[in-house]
Each structure stands twice: as C-alpha cells, then as structure tokens.
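Inspection log for the structure reproduced underneath, given as structure tokens.
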Amino acid sequence: MPVSTQEEELERLVAERTRDLIAANEAAEKALRESEARFRALIENSHDITAILDADGVMRYISPSVERFFGYTSHEMVGVTSLDFVHPDDQQVLADVFVRAGTEPGTPHTCEYRARHKDGGWRTVEAFALNLLHDPAVQGIVITGSDITHRRALESRLVQAERLEAIGQLAGGVAHDFNNILLVIRGYSSVLRGSLEDPQQIDDVEEIIKAADRAADLTRQLLAFGRRQVLQPRLLSLVEVVRGVESLLRRSLREDIDFVLELDETASPVIADPGQMEQVLLNLVMNGRDAISGNGVIHVSIGETELTGGESGISPPLLQGRYIRVAVEDTGSGIDDAVLPHVFEPFFTTKEDGVGTGLGLSTVYGIVAQSDGGIEVSARPEGGTSFAIYLPVASGAIDNESWGVVAQSSLPMGTETILLVEDEEPVRELVRRVLEGAGYEVLAAGLPSEAERLLAEAEHVDLMLSDVVMPEMSGYDLAARVREAHPEIRLMFMSGYAHKVPGAEQGAGRLLKKPFAPEQLARAVRSTLDDDRLETA
C-alpha cells in the first residue's frame with residue numbers, strides 16, 4: 001500500500017476514533033447533566049431540607065425548601081454558621097452531633113433541635129448528619145432535616161389531654177365519694193333542724209348546711225372538670241345563651257373595660273346544658289377581666305366553622321365536622337409560654353393567694369369536654385389571651401323534660417310503696433328516713449340483685465328509686481330488667497355524676513343530682529309519681 005494511502009487510512013481511523021470519543025464524551029456529559037438535574041430536582045423539591053456544611057459548621061449549600069421551613073432564602077443562609085440559627089438550649093446538641101460525625105465518617109447521626117424562623121418563632125427539626133468530608137465529590141457534612149413542629153405540638157397536646165384525663169378521673173372519683181358524704185351531712189342536718197326549737201341551735205345547724213352547700217359547689221366544679229357531673233342537655237342557640245347573660249356579664253366588668261359582642265344570629269344550634277354554658281361564659285369573661293389592669297376590651301364572638309380534625313391546638317382533639325365557635329378574647333397581660341400547658345389543671349393559678357379557687361378554667365374544660373366539644377387557648381406576644389370553644393352543630397333535639405332539677409319547696413307527702421336501691425349505706429338510710437317521714441312505704445336494697453328479690457316478693461311497688469352507678473349493674477340496666485316484668489312501675493334515678501353506662505341514653509325517668517336536700521327528694525318523688533307522661537317507658 002502506498003505511503004499516501006496508509007496516511008489517509010490512518011487519518012480516517014483517527015478521525016473515526018475521535019468522533020467515537022467525542023460522541024461517548026457527549027453522551028457521558030448528557031447522562032451526567034441528566035443525573036445532576038434529576039438529583040437537583042429531587043433535592044430542591046423535597047419536603048425536607050438538605051444542607052452541606054464545612055468542618056466548621058458553615059453552610060456551603062442549603063436546598064430551597066429552607067424558605068418554606070424558616071422563611072429565609074437559600075442565598076441568605078449560605079455562608080452562615082448553622083449554630084447561629086439554633087436555639088441556645090439546643091446548640092450543644094447539634095455541636096455534639098458534629099463531633100460524633102467527625103469521629104465516625106460515613107455513619108449517620110440523629111438529633112432534634114429548635115431552629116429560629118425569620119418571623120422570630122421556633123421550629124422543631126429532626127436532623128440526620130452524615131460526615132462526607134472524605135468524599136471528594138462532597139467534602140462536607142450533609143444534614144437532612146425534617147420540620148416536626150406540628151407533630152411535636154400534637155404529641156404535646158395528646159400528653160396534656162391524657163394528663164388532664166387522669167387528673168379528671170381522680171378529681172371526679174373523689175368528688176363523687178365526697179358528694180355522698182355531703183348528702184348525709186346535709187340531709188341529717190336538715191332533719192335535725194326540723195326538730196329543733198332553740199333559735200341558737202337552729203342557727204348553728206343552718207351554718208352546717210351552708211358549709212355543706214359550699215362544699216357541694218366545690219365538688220360540682222371538680223365533677224365538671226372530671227366530666228362526671230350531671231348535665232341537662234337540650235337543643236339551644238349559643239347566641240341566645242350569650243344574650244341571656246349579657247347584662248350580667250356587663251355588670252360584672254369594670255367601667256374601664258369595653259364589652260364587645262360579635263354574634264352570628266344564623267349560627268346553628270348545639271346540644272348542651274344552658275346553665276353550664278352560662279357558667280363557661282362567665283368564667284372566661286371574669287378570667288379576662290382579672291387579666292386586664294386599666295383600660296381594656298373583652299370581645300365575645302360566635303360563628304360557625306368547619307374543622308378538618310387535624311387541628312393541633314384544640315383539646316380534647318375533635319373530629320372533622322361543623323362546629324359552633326365561641327371565642328372570648330381579652331387585651332390583658334396574656335399567658336406565659338411556661339404557664340400555657342397548665343391553665344386547665346385544677347387548682348393551678350397564677351393569681352394571688354386567697355383569690356379564686358384555681359378551678360375556673362378546669363371547670364370550663366370539663367364542661368366543654370363533657371359536651372363533646374374542645375377548647376383552644378392562645379396568647380398574643382403583644383398581650384392578650386383568646387379562648388375559643390368548639391361545640392358540634394346539633395343533628396337533632398333531645399327530650400329533656402324528664403331530667404329537670406327539682407327545686408326546693410315544702411315537703412309533699414304520699415302513701416305509695418317505693419323500692420330504694422343504693423349501695424352506700426349512709427345515703428340509703430338517709431333517703432329511707434326522709435321518704436318514710438313523708439309517709440311512703442320503703443323497701444330498701446343495697447344491691448340490684450337484692451332489689452330484684454324484694455320486688456319479686458312485694459305485692460305492689462309504685463316507684464323504683466335507684467342510684468346510677470352501683471356494683472353488679474348500673475341503675476339503668478336494673479331499670480330495664482325491672483320494666484320487663486313490671487311495665488307499670490315508675491322510675492327515678494339519683495347520681496353524683498354523669499357516667500357513660502349502658503342505658504343512660506334512654507333517659508327513662510327523672511334524674512336527681514346529689515347532694516340534694518330532703519325537700520328536693522320528696523318533691524321529686526311526688527312529681528314522678530304524679531306525672532302522667534311517665535306512665536310508660
């Protein structure tokens with residue numbers, strides 16, 4: 001082959017090889033660009049934050065998601081020491097992670113810390129640190145962080161709700177037992193007062209009765225917090241409740257406090273106890289009044305809203321649905337962050353000694369929770385506090401006529417036969433004595449099984465008066481069994497607290513709240529026996 005031909009062939013091979021190398025290089029560069037674009041898209045669109053720090057903790061790169069997390073752009077963060085944005089109490093936590101990552105390259109380390117948002121608030125971050133200083137492609141410490149502020153808030157609310165539930169169960173149990181003791185104290189004091197003639201002795205007994213009544217008020221507050229009180233729910237408009245107590249609320253405020261109402265007259269009704277709702281409003285307004293020193297405003301608003309079920313600030317947590325929102329806002333001194341988690345705990349107060357019982361807000365919490373609602377509290381940095389109550393929109397009415405509280409009046413008499421069922425002997429003996437003093441024949445039983453035996457042996461029983469919560473079975477279950485064999489018998493219940501027991505939803509019979517006066521008991525029994533509506537279940 002001539003030399004010129006060999007040179008041409010060599011040039012051709014070189015050119016062909018060069019084209020192949022260029023094509024391969026272009027393909028590699030394209031693949032690299034695509035890979036880089038793919039991973040950049042993943043990093044920049046990730047919900048989490050990805051940052052690369054140098055050995056001194058200075059940020060060399062941070063993903064754009066930082067702006068969604070903390071309000072800063074990635075340009076504002078690059079070149080800044082990461083610890084500058086960390087809560088002072090948590091800086092050592094992050095520093096320790098850097099130290100461990102430095103001594104264990106390639107091993108991920110986890111930590112949790114609070115980072116400052118551009119608005120001045122704090123966000124809780126769960127971070128994973130990986131030392132890649134040895135990797136020539138990275139040469140830094142890679143931090144991947146997740147914003148878990150909402151999750152931690154939910155967990156905190158759950159812990160608070162569980163703590164309040166536990167305290168409420170304890171308070172409700174103590175108050176229930178104490179109510180039985182107060183019933184005996186007040187009942188026998190009333191009986192003794194009726195047999196006395198000496199004015200001084202009558203005054204002394206009156207003081208005992210007044211003290212028992214004050215103690216009963218205290219137990220009612222404890223029962224309200226523990227969601228064990230007897231409520232009288234009915235279909236009502238919260239706007240009408242506010243209108244009904246508006247004059248009382250205004251009179252309770254100082255002249256330098258403006259009282260502003262913003263009520264949606266079209267708001268749907270709820271099912272709640274009107275008296276308890278009035279107490280809730282009064283407690284919240286008085287709480288706002290006490291927080292205001294000097295001129296101020298208390299603003300009460302009512303409106304209808306939709307909840308998603310994921311709201312972290314409402315306790316107890318509520319399901320998705322339509323709710324009536326009642327907000328009471330004041331321009332007072334506000335509530336410290338350290339105090340906020342404890343405001344609904346019984347006997348917790350920031351007021352001076354001797355001012356209040358520390359049960360106002362715990363009572364509000366219990367009433368709202370027992371009414372299937374929730375409450376949200378927030379304090380503004382510039383001062384002032386807002387309490388928002390959420391009650392579910394009513395789906396229908398309930399018959400409340402047979403659940404009324406009996407007012408005290410003169411002692412009515414009777415001759416009917418009454419089956420009394422009460423497991424607490426002192427209470428049973430007091431009720432028996434009062435009823436027999438009013439002329440009734442009383443068959444007293446300490447347990448439901450004993451009551452069934454007495455009923456089977458008796459010729460006729462006109463009324464069964466039963467405690468609600470007892471051993472063996474509830475008073476409602478006993479009533480259902482008794483009604484099967486004796487459909488004509490009248491039913492009446494007594495209880496120191498409301499309890500979720502089978503049959504409670506039936507509402508067959510009058511419910512008398514403990515502690516009660518002998519006059520209230522006698523009037524309730526007479527009214528139950530005379531009420532034609534109670535002829536059948």
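Each chain in the structure tokens gets a letter, A, B, ..., in the order shown, and its residues are numbered from 1; ligands are numbered from 1 in order too.
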
Compile the contact shell of stretch 259-266 of chain A as a compact mmCIF listing (two decimals) with C-alpha atoms, in the first residue's frame: residues with an atom at most 7 Å away, counting only C-alpha atoms, same-chain residues fewer than 5 positions apart removed.
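Wrote it out as part32.txt, contents follow:
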# COMPACT_ATOMS: atom_id res chain seq x y z
CA VAL A 239 -76.30 33.24 70.67
CA ARG A 250 -71.60 43.72 81.63
CA VAL A 297 -61.52 45.20 75.86
CA ILE A 298 -63.24 41.85 76.19
CA HIS A 299 -64.56 40.58 72.87
CA VAL A 300 -67.05 37.70 72.61
CA SER A 301 -67.83 36.26 69.19
CA ILE A 302 -69.92 33.35 67.93
CA GLY A 303 -69.78 31.83 64.46

Extract, using only C-alpha atoms, all DNA, RNA and protein residues at most 7 Å from stretch 444-451 of chain A, discarding same-chain residues fewer than 3 positions from it, and format them as a PyMOL selection string.
-> chain A and resi 419-423+454-455+471-473+478

Counting only C-alpha atoms, the residue of A:Asp213, A:Glu306, A:Asp372, A:Asp84 that sits nearest A:Ala272 = A:Asp372

Tell me, in Å to one decimal, how far atom CA of A:Pro64 is from atom CA of A:Gly145.
->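 Taking atom CA of A:Pro64 and atom CA of A:Gly145, their separation equals 12.7 Å.
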
In stretch 222-294 of chain A, DSSP helix (DSSP H, G or I) residues written as a ChimeraX atom specification | /A:222-225,238-251,274-291

Hey, what's within 9 Å of stretch 380-392 of chain A if we count only C-alpha atoms and toss same-chain stuff fewer than 2 positions away? As a ChimeraX atom specification, please?
-> /A:269-272,284,288,291-292,305,314,318,321-335,368,371-378,394-395

Those residues with C-alpha atoms, as a short mmCIF file (atom, residue, chain, number, x, y, z; two decimals), in the first residue's frame please?
data_model
loop_
_atom_site.label_atom_id
_atom_site.label_comp_id
_atom_site.auth_asym_id
_atom_site.auth_seq_id
_atom_site.Cartn_x
_atom_site.Cartn_y
_atom_site.Cartn_z
CA PRO A 269 -77.96 25.23 67.46
CA VAL A 270 -75.97 22.82 69.63
CA ILE A 271 -76.89 20.26 72.25
CA ALA A 272 -75.64 21.44 75.61
CA LEU A 284 -63.96 33.09 80.73
CA GLY A 288 -60.31 38.10 81.06
CA ALA A 291 -56.09 39.81 83.38
CA ILE A 292 -56.78 43.45 82.42
CA THR A 305 -66.83 26.91 61.26
CA ILE A 314 -57.77 22.12 70.33
CA LEU A 318 -62.06 16.94 67.72
CA GLY A 321 -67.18 18.39 61.00
CA ARG A 322 -69.22 21.56 61.52
CA TYR A 323 -68.81 23.33 64.85
CA ILE A 324 -70.02 26.46 66.57
CA ARG A 325 -67.05 28.54 67.69
CA VAL A 326 -67.41 30.74 70.76
CA ALA A 327 -64.38 32.96 71.32
CA VAL A 328 -63.66 35.11 74.35
CA GLU A 329 -60.70 37.44 73.79
CA ASP A 330 -59.19 40.00 76.13
CA THR A 331 -56.48 42.63 75.92
CA GLY A 332 -54.95 41.68 79.26
CA SER A 333 -51.46 40.66 80.23
CA GLY A 334 -51.53 37.36 78.35
CA ILE A 335 -50.19 33.99 79.48
CA VAL A 368 -66.85 21.68 77.22
CA SER A 371 -70.46 18.36 75.90
CA ASP A 372 -68.39 16.66 73.15
CA GLY A 373 -66.54 19.88 72.41
CA GLY A 374 -63.00 21.19 72.58
CA ILE A 375 -61.22 24.35 73.68
CA GLU A 376 -58.27 26.25 72.26
CA VAL A 377 -56.19 28.84 74.08
CA SER A 378 -53.66 31.21 72.59
CA ALA A 394 -76.67 19.71 66.63
CA SER A 395 -78.12 16.97 64.47
#

Selection: 10 Å around A:Thr81, only C-alpha atoms, excl. self and same-chain fewer than 5 positions, as a PyMOL selection string | chain A and resi 53-54+56-60+86

What is the distance between atom CA of A:Arg289 and atom CA of A:Glu240, in Å to one decimal?
->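 So the answer is 22.2 Å.
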
Write out as a PyMOL selection string the residues lying within 7 Å of stretch 461-470 of chain A, counting only C-alpha atoms and excluding same-chain residues fewer than 5 positions away.
-> chain A and resi 416-423+475-476+489-495

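Straight-line separation from atom CA of A:Leu361 to atom CA of A:Ala517: 28.3 Å.
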
Smallest atom-to-atom distance to A:Gly310: which of A:Thr107, A:Leu154, A:Thr18, A:Thr528, using only C-alpha atoms?
->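 Counting only C-alpha atoms, the residue closest to A:Gly310 is A:Leu154.
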
Using only C-alpha atoms, which of the listed residues (A:Pro105, A:Pro515, A:Gly439, A:Pro233) sits closest to A:Leu132?
->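 Closest to A:Leu132 of all the choices is A:Pro105.
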
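Nearest to A:Ala456 of all the residues A:Leu83, A:Val431, A:Leu196, A:Val482 is A:Val482, based on only C-alpha atoms.
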
Residue contacts of A:Pro274 (8 Å, only C-alpha atoms) excluding same-chain residues fewer than 2 positions away, as a VMD selection string = chain A and resid 232 to 234 236 241 272 276 to 278
